[in-house]
>>> print(open('start24.txt').read())   # compact mmCIF, C-alpha atoms and all ligand atoms
# COMPACT_ATOMS: atom_id res chain seq x y z
CA MET A 100 25.78 57.49 6.60
CA ASN A 101 28.01 59.78 4.52
CA ILE A 102 28.21 63.56 4.46
CA GLN A 103 28.14 65.21 1.06
CA ILE A 104 28.88 68.90 0.67
CA SER A 105 28.59 70.34 -2.82
CA ASN A 106 29.46 73.82 -4.03
CA LEU A 107 28.75 75.30 -0.63
CA ASP A 108 28.86 79.08 -0.43
CA PHE A 109 27.99 81.02 2.68
CA THR A 110 27.75 84.76 3.22
CA TYR A 111 26.93 86.23 6.65
CA PRO A 112 24.27 88.98 6.79
CA ASN A 113 27.05 91.57 7.19
CA GLY A 114 28.43 90.56 3.79
CA VAL A 115 31.42 88.43 4.92
CA HIS A 116 31.79 85.69 2.32
CA ALA A 117 32.92 82.99 4.76
CA LEU A 118 32.78 79.87 2.54
CA GLN A 119 33.51 79.66 -1.15
CA ARG A 120 32.65 76.68 -3.30
CA VAL A 121 33.42 74.03 -0.72
CA SER A 122 32.82 70.51 -1.98
CA LEU A 123 33.71 67.42 -0.04
CA GLU A 124 32.56 63.99 0.91
CA ILE A 125 33.09 62.55 4.36
CA ARG A 126 32.59 58.82 4.60
CA ALA A 127 30.80 57.15 7.48
CA GLY A 128 33.19 56.22 10.29
CA SER A 129 35.98 58.57 9.26
CA ARG A 130 37.93 60.70 11.66
CA ILE A 131 38.87 64.04 10.22
CA VAL A 132 40.33 67.27 11.60
CA LEU A 133 39.97 70.80 10.23
CA LEU A 134 42.97 73.10 10.46
CA GLY A 135 43.43 76.74 9.50
CA GLN A 136 44.03 80.15 10.97
CA ASN A 137 41.48 82.33 12.78
CA GLY A 138 38.69 83.34 10.46
CA ALA A 139 39.45 80.65 7.85
CA GLY A 140 35.85 79.44 7.97
CA LYS A 141 36.17 76.27 10.05
CA THR A 142 33.32 77.03 12.44
CA THR A 143 31.14 78.32 9.60
CA LEU A 144 31.68 75.05 7.73
CA VAL A 145 30.92 72.72 10.64
CA LYS A 146 27.83 74.72 11.64
CA HIS A 147 26.39 73.65 8.30
CA LEU A 148 26.58 70.00 9.35
CA ASN A 149 23.83 70.26 11.95
CA GLY A 150 21.79 72.93 10.20
CA LEU A 151 22.75 75.82 12.51
CA LEU A 152 23.64 77.58 9.27
CA LYS A 153 21.98 76.92 5.92
CA PRO A 154 23.89 77.31 2.64
CA SER A 155 23.66 80.58 0.74
CA ARG A 156 24.33 78.41 -2.29
CA GLY A 157 25.01 74.70 -2.74
CA ASP A 158 23.90 71.77 -0.63
CA VAL A 159 24.82 69.81 2.47
CA LEU A 160 23.56 66.24 2.72
CA ILE A 161 23.67 64.28 5.95
CA GLY A 162 22.96 60.78 4.71
CA ASP A 163 19.85 61.27 2.60
CA TRP A 164 18.81 64.48 4.40
CA ASN A 165 19.41 67.85 2.76
CA THR A 166 19.95 70.27 5.67
CA ARG A 167 17.70 72.81 3.91
CA GLU A 168 14.76 70.48 4.41
CA HIS A 169 15.34 69.45 8.01
CA SER A 170 15.14 71.28 11.32
CA ILE A 171 18.00 71.60 13.77
CA ALA A 172 16.04 69.30 16.11
CA GLN A 173 15.83 66.59 13.44
CA LEU A 174 19.48 66.98 12.49
CA ALA A 175 20.45 66.66 16.17
CA ARG A 176 19.53 62.98 15.90
CA ARG A 177 22.25 62.49 13.32
CA VAL A 178 24.93 65.02 14.22
CA GLY A 179 26.08 65.79 17.77
CA PHE A 180 27.69 69.20 18.04
CA VAL A 181 30.08 70.59 20.66
CA PHE A 182 30.30 74.37 20.32
CA GLN A 183 33.57 76.27 20.22
CA ASN A 184 32.26 78.12 23.27
CA PRO A 185 30.53 75.58 25.56
CA ASP A 186 28.63 78.38 27.31
CA ASP A 187 26.54 78.60 24.13
CA GLN A 188 25.09 75.17 24.82
CA LEU A 189 24.86 74.83 28.61
CA PHE A 190 21.65 75.98 30.25
CA LYS A 191 20.63 73.43 32.90
CA THR A 192 21.31 73.78 36.61
CA SER A 193 23.22 70.54 37.13
CA VAL A 194 25.75 68.58 35.13
CA GLN A 195 23.52 65.51 35.24
CA ASP A 196 20.45 67.38 33.96
CA GLU A 197 22.50 68.94 31.22
CA ILE A 198 23.64 65.55 29.97
CA ALA A 199 20.14 64.06 30.31
CA PHE A 200 18.51 66.88 28.35
CA GLY A 201 19.19 65.54 24.85
CA PRO A 202 18.22 61.91 25.51
CA THR A 203 15.08 63.13 27.32
CA ASN A 204 14.12 65.07 24.20
CA LEU A 205 14.52 61.88 22.21
CA LYS A 206 11.76 60.47 24.46
CA LEU A 207 13.86 57.50 25.53
CA ASP A 208 12.72 55.55 28.56
CA ALA A 209 14.10 56.45 31.97
CA ALA A 210 16.37 53.39 32.22
CA GLU A 211 17.98 54.13 28.86
CA ILE A 212 18.46 57.79 29.80
CA SER A 213 20.21 56.96 33.06
CA LYS A 214 22.37 54.39 31.32
CA ARG A 215 23.50 56.95 28.74
CA VAL A 216 24.08 59.66 31.34
CA ALA A 217 26.18 57.28 33.46
CA LEU A 218 28.28 56.27 30.46
CA ALA A 219 28.82 59.88 29.36
CA ILE A 220 29.84 60.88 32.90
CA GLU A 221 32.33 58.03 33.02
CA TRP A 222 33.86 58.69 29.59
CA CYS A 223 34.18 62.40 30.29
CA GLY A 224 35.52 62.11 33.85
CA LEU A 225 32.67 64.03 35.47
CA GLU A 226 31.97 61.63 38.37
CA ASN A 227 32.85 64.17 41.05
CA VAL A 228 30.84 67.04 39.65
CA ARG A 229 27.63 65.35 38.53
CA ASP A 230 25.48 67.46 40.87
CA ALA A 231 27.39 70.71 40.35
CA HIS A 232 26.01 73.70 38.49
CA PRO A 233 27.83 73.91 35.14
CA TYR A 234 28.59 77.57 35.73
CA ASP A 235 30.47 76.75 38.94
CA LEU A 236 32.95 74.66 36.94
CA ALA A 237 36.19 75.74 35.32
CA PRO A 238 36.02 76.46 31.58
CA TRP A 239 37.91 73.27 30.68
CA GLN A 240 35.41 71.26 32.74
CA ARG A 241 32.42 73.00 31.18
CA ARG A 242 33.80 71.86 27.85
CA TRP A 243 33.66 68.29 29.14
CA VAL A 244 30.03 68.75 30.16
CA ALA A 245 29.27 69.92 26.62
CA ILE A 246 31.13 66.91 25.22
CA ALA A 247 29.29 64.55 27.59
CA SER A 248 25.93 65.88 26.44
CA VAL A 249 26.90 64.90 22.90
CA VAL A 250 28.19 61.48 24.01
CA ALA A 251 24.77 60.81 25.56
CA MET A 252 22.98 61.49 22.27
CA GLN A 253 24.75 58.52 20.63
CA THR A 254 24.54 60.09 17.19
CA PRO A 255 26.23 58.45 14.18
CA MET A 256 28.26 61.65 13.67
CA VAL A 257 29.87 64.11 16.06
CA VAL A 258 31.38 67.52 15.47
CA LEU A 259 33.80 68.98 18.01
CA ASP A 260 34.71 72.64 17.51
CA GLU A 261 38.02 73.24 19.33
CA PRO A 262 37.71 70.49 21.97
CA THR A 263 41.41 70.83 22.87
CA THR A 264 41.12 74.43 24.10
CA GLY A 265 42.10 74.69 27.76
CA GLN A 266 42.85 70.96 28.15
CA ASP A 267 46.03 69.86 29.90
CA ALA A 268 47.93 66.69 28.98
CA PHE A 269 45.51 64.60 31.03
CA GLY A 270 42.52 66.16 29.27
CA LEU A 271 44.08 65.57 25.87
CA ALA A 272 44.68 61.92 26.76
CA ARG A 273 41.05 61.58 27.84
CA LEU A 274 39.96 63.17 24.60
CA ALA A 275 42.13 60.76 22.61
CA ALA A 276 40.53 57.83 24.47
CA LEU A 277 37.06 59.17 23.70
CA LEU A 278 37.93 59.50 20.00
CA ASP A 279 38.94 55.85 20.05
CA GLU A 280 35.63 54.84 21.67
CA TRP A 281 33.76 56.68 18.94
CA THR A 282 35.86 55.18 16.18
CA ARG A 283 35.33 51.70 17.63
CA ALA A 284 31.58 52.36 17.57
CA GLY A 285 31.76 53.44 13.90
CA VAL A 286 30.92 57.07 14.67
CA THR A 287 32.11 59.73 12.21
CA VAL A 288 34.20 62.32 14.05
CA ILE A 289 34.88 65.79 12.67
CA ALA A 290 36.96 68.07 14.85
CA VAL A 291 38.42 71.55 14.60
CA THR A 292 41.59 72.37 16.50
CA HIS A 293 44.48 74.79 16.67
CA ASP A 294 46.62 72.08 18.33
CA ILE A 295 48.44 70.74 15.29
CA ASP A 296 50.41 68.15 17.26
CA PHE A 297 47.21 66.66 18.68
CA ALA A 298 45.68 66.80 15.20
CA VAL A 299 48.40 64.78 13.48
CA GLU A 300 48.73 62.36 16.38
CA GLN A 301 45.01 61.58 16.60
CA PHE A 302 43.54 62.09 13.15
CA PRO A 303 44.44 60.06 10.06
CA GLU A 304 42.84 62.68 7.83
CA LEU A 305 43.48 66.43 7.75
CA LEU A 306 41.52 69.12 5.99
CA VAL A 307 43.26 72.47 5.70
CA MET A 308 41.22 75.63 5.20
CA ALA A 309 42.22 79.15 4.22
CA GLN A 310 40.02 82.09 3.34
CA GLY A 311 36.81 80.13 3.12
CA GLN A 312 38.22 77.35 0.96
CA VAL A 313 39.59 73.87 1.49
CA ILE A 314 43.18 74.08 0.25
CA ALA A 315 44.41 70.58 1.13
CA ARG A 316 43.11 67.23 2.27
CA GLY A 317 44.94 64.05 3.11
CA ASP A 318 47.15 62.49 5.76
CA ALA A 319 49.82 64.42 7.67
CA SER A 320 52.03 64.49 4.59
CA VAL A 321 49.93 67.41 3.27
CA LEU A 322 51.81 69.48 5.87
CA GLU A 323 55.10 68.78 4.10
CA ASP A 324 53.99 71.27 1.46
CA GLU A 325 55.40 74.65 2.52
CA SER A 326 52.85 76.52 0.42
CA VAL A 327 50.00 74.84 2.32
CA LEU A 328 51.54 75.81 5.68
CA GLU A 329 52.06 79.33 4.46
CA ARG A 330 48.58 79.86 3.03
CA ALA A 331 46.98 78.45 6.17
CA ALA A 332 49.45 80.23 8.49
CA LEU A 333 50.22 76.94 10.24
CA ASP A 334 53.42 75.84 11.98
CA ALA A 335 54.61 72.36 11.03
CA PRO A 336 54.09 69.75 13.77
CA GLN A 337 56.91 69.65 16.34
CA LEU A 338 58.19 66.22 15.33
CA MET A 339 58.31 67.26 11.67
CA ARG A 340 60.36 70.33 12.63
CA LEU A 341 62.64 68.22 14.79
CA ALA A 342 63.20 65.72 11.95
CA ARG A 343 64.08 68.56 9.61
CA GLY A 344 66.45 70.00 12.19
CA LEU A 345 68.18 66.62 12.35
CA GLY A 346 68.58 66.70 8.57
CA TRP A 347 66.36 63.64 7.99
CA GLN A 348 64.69 63.03 4.64
CA GLU A 349 61.74 61.40 6.39
CA THR A 350 59.11 63.55 8.08
CA PRO A 351 57.51 61.52 10.86
CA VAL A 352 54.60 63.22 12.63
CA THR A 353 53.64 60.67 15.27
CA VAL A 354 55.83 59.59 18.16
CA GLU A 355 55.64 56.00 16.92
CA ASN A 356 56.84 56.89 13.43
CA PHE A 357 59.52 59.10 14.90
CA TYR A 358 60.95 56.13 16.87
CA ASP A 359 60.86 53.94 13.76
CA VAL A 360 62.82 56.49 11.75
CA LEU A 361 65.22 57.05 14.65
CA GLU A 362 65.87 53.29 14.84
CA SER A 363 66.52 53.10 11.09
CA HIS A 364 69.02 55.96 11.34
CA ARG A 365 70.86 54.18 14.15
CA GLY A 366 71.18 51.26 11.74
N1 LIG B 1 28.18 85.66 13.16
C1 LIG B 1 29.00 86.20 12.25
N2 LIG B 1 28.64 87.34 11.58
C2 LIG B 1 29.46 87.86 10.66
N3 LIG B 1 30.65 87.37 10.29
C3 LIG B 1 31.06 86.25 10.93
C4 LIG B 1 30.27 85.61 11.94
N4 LIG B 1 30.93 84.54 12.39
C5 LIG B 1 32.09 84.50 11.70
N5 LIG B 1 32.18 85.53 10.83
C6 LIG B 1 33.29 85.78 9.88
O1 LIG B 1 33.35 84.71 8.96
C7 LIG B 1 34.70 84.34 8.71
C8 LIG B 1 34.91 82.88 9.10
O2 LIG B 1 34.75 82.77 10.51
P1 LIG B 1 34.79 81.38 11.29
O3 LIG B 1 34.32 81.66 12.67
O4 LIG B 1 34.07 80.36 10.50
O5 LIG B 1 36.33 81.06 11.27
P2 LIG B 1 37.17 79.96 12.10
O6 LIG B 1 38.07 79.30 11.11
O7 LIG B 1 36.26 79.10 12.88
O8 LIG B 1 38.05 80.88 13.05
P3 LIG B 1 38.57 80.60 14.58
O9 LIG B 1 39.79 79.75 14.43
O10 LIG B 1 38.90 81.97 15.08
O11 LIG B 1 37.47 79.96 15.34
C9 LIG B 1 35.57 85.34 9.47
O12 LIG B 1 35.88 86.38 8.59
C10 LIG B 1 34.63 85.82 10.57
O13 LIG B 1 34.97 87.13 10.96
MG MG B 2 36.01 78.74 14.89
>>> encode(input="start24.txt", output="structure tokens")
Amino acid sequence: MNIQISNLDFTYPNGVHALQRVSLEIRAGSRIVLLGQNGAGKTTLVKHLNGLLKPSRGDVLIGDWNTREHSIAQLARRVGFVFQNPDDQLFKTSVQDEIAFGPTNLKLDAAEISKRVALAIEWCGLENVRDAHPYDLAPWQRRWVAIASVVAMQTPMVVLDEPTTGQDAFGLARLAALLDEWTRAGVTVIAVTHDIDFAVEQFPELLVMAQGQVIARGDASVLEDESVLERAALDAPQLMRLARGLGWQETPVTVENFYDVLESHRG
């Protein structure tokens, strides 16, 4: 199931023109990350994918569904959505109930619901807090509860708005493992992050936004263009900066590539 965005314009009621003529296709099973400075329009764009926002102009198609013609509840069967602020989506009194809420709404049978909840708890490392009240958890852990509730929906597409916020190295590794599970299952993953090193390490495809527009799309090599970095107010990934500092022609962005280039320079 592909996503097709055509000539999308969005203006908030206060007059902020947050998206301008955005057109893009996202193929089923792809893994794509949105980069750009604060206010670039990343959240506004992804909120169109599950119908939280409807286009002022243009269209967003999720498979054969135009988001204008489908409710948020219907779209939730196709697109799982983790909010930038998890407190916007947590409202149950225990972690377990929170995760079970979505599948229960899908009217799945009890056995299937408990199977999905157990899997989500395992993938998100929530075993020790399953009975806790979400509001008694640390912010980084609440984010995992929000992620787990999306895991349990088993949608063909997931959107993660700033999942890296507040995660330590262990949390980032867990997130990387979860991305791999989704990719193995053929799920389309669209994430937003300010962590450019995590972005280039984990996502084969980057989409750079500035001032409500998509200004670049491609693999990490799009970040070799100084004008892209400047317009989006992004710092180059650490390994790219290190390679430049070493005077290399190559610009590796993953640790693996960095080693390869290092080996070739050693001759
Ligand atoms: N609810 C709202 N009402 C009015 N304007 C808004 C609203 N939400 C966002 N905006 C404005 O729309 C523009 C795009 O905001 P958006 O939240 O999509 O950016 P973002 O790229 O997600 O930024 P961040 O990295 O800070 O999350 C900004 O100018 C922002 O101030
Ligand atoms: Mg945002």
>>> closest_atom_pairs(input="start24.txt", of="stretch 236-331 of chain A", to="stretch 340-363 of chain A", cutoff="12 Å", atoms="all atoms listed in the file", output="JSON lines")
{"residue": "A:Ile295", "atom": "CA", "partner": "A:Val352", "partner_atom": "CA", "distance": 10.1}
{"residue": "A:Asp296", "atom": "CA", "partner": "A:Val352", "partner_atom": "CA", "distance": 8.0}
{"residue": "A:Phe297", "atom": "CA", "partner": "A:Thr353", "partner_atom": "CA", "distance": 9.4}
{"residue": "A:Ala298", "atom": "CA", "partner": "A:Val352", "partner_atom": "CA", "distance": 9.9}
{"residue": "A:Val299", "atom": "CA", "partner": "A:Val352", "partner_atom": "CA", "distance": 6.4}
{"residue": "A:Glu300", "atom": "CA", "partner": "A:Thr353", "partner_atom": "CA", "distance": 5.3}
{"residue": "A:Gln301", "atom": "CA", "partner": "A:Thr353", "partner_atom": "CA", "distance": 8.8}
{"residue": "A:Phe302", "atom": "CA", "partner": "A:Thr353", "partner_atom": "CA", "distance": 10.4}
{"residue": "A:Pro303", "atom": "CA", "partner": "A:Thr353", "partner_atom": "CA", "distance": 10.6}
{"residue": "A:Asp318", "atom": "CA", "partner": "A:Val352", "partner_atom": "CA", "distance": 10.2}
{"residue": "A:Ala319", "atom": "CA", "partner": "A:Val352", "partner_atom": "CA", "distance": 7.0}
{"residue": "A:Ser320", "atom": "CA", "partner": "A:Thr350", "partner_atom": "CA", "distance": 7.9}
{"residue": "A:Val321", "atom": "CA", "partner": "A:Thr350", "partner_atom": "CA", "distance": 11.1}
{"residue": "A:Leu322", "atom": "CA", "partner": "A:Val352", "partner_atom": "CA", "distance": 9.6}
{"residue": "A:Glu323", "atom": "CA", "partner": "A:Thr350", "partner_atom": "CA", "distance": 7.7}
{"residue": "A:Asp324", "atom": "CA", "partner": "A:Thr350", "partner_atom": "CA", "distance": 11.4}
>>> residues_around(input="start24.txt", residues="A:Glu168", least_positions_apart="5", cutoff="12 Å", atoms="only C-alpha atoms", output="PyMOL selection string")
chain A and resi 149-150+153-154+158-161+163+173-174
>>> closest_atom_pairs(input="start24.txt", of="chain A", to="ligand LIG 1 (chain B)", cutoff="6 Å", atoms="all atoms listed in the file", output="CSV")
residue,atom,partner,partner_atom,distance
A:Tyr111,CA,B:LIG1,C2,5.0
A:Asn113,CA,B:LIG1,C2,5.6
A:Val115,CA,B:LIG1,N3,5.5
A:Ala117,CA,B:LIG1,C7,4.5
A:Gln136,CA,B:LIG1,O9,5.5
A:Asn137,CA,B:LIG1,O10,3.5
A:Gly138,CA,B:LIG1,O5,3.4
A:Ala139,CA,B:LIG1,O6,3.8
A:Gly140,CA,B:LIG1,O4,3.2
A:Lys141,CA,B:LIG1,O6,3.7
A:Thr142,CA,B:LIG1,O7,3.6
A:Thr143,CA,B:LIG1,O4,3.7
>>> residues_near_ligand(input="start24.txt", ligand="ligand MG 2 (chain B)", cutoff="12 Å", atoms="all atoms listed in the file", output="MDAnalysis selection string")
chainID A and resid 117 133:146 181:184 259:262 264 290:293 308 311
>>> closest_residue(input="start24.txt", among="A:Gly366, A:Gly157, A:Gly162, A:Pro185", to="A:Val249", atoms="all atoms listed in the file")
A:Pro185
>>> residues_around(input="start24.txt", residues="A:Gly285", least_positions_apart="4", cutoff="8 Å", atoms="only C-alpha atoms", output="PyMOL selection string")
chain A and resi 127-128+255+281
>>> atom_distance(input="start24.txt", atom1="atom CA of A:Arg215", atom2="atom CA of A:Ala251")
5.2 Å
>>> atom_distance(input="start24.txt", atom1="atom CA of A:Asn101", atom2="atom CA of A:Ile125")
5.8 Å
>>> closest_residue(input="start24.txt", among="A:Trp164, A:Trp239, A:Phe200, A:Phe109", to="A:Phe269", atoms="only C-alpha atoms")
A:Trp239
>>> atom_distance(input="start24.txt", atom1="atom CA of A:Val257", atom2="atom CA of A:Arg130")
9.8 Å
>>> residues_near_point(input="start24.txt", point="(30.9, 65.1, 29.0)", cutoff="6 Å", atoms="only C-alpha atoms", output="PyMOL selection string")
chain A and resi 219-220+223+243-248
>>> residues_around(input="start24.txt", residues="A:Leu205", least_positions_apart="4", cutoff="9 Å", atoms="all atoms listed in the file", output="list of chain:residue names")
A:Arg176, A:Phe200, A:Gly201, A:Met252
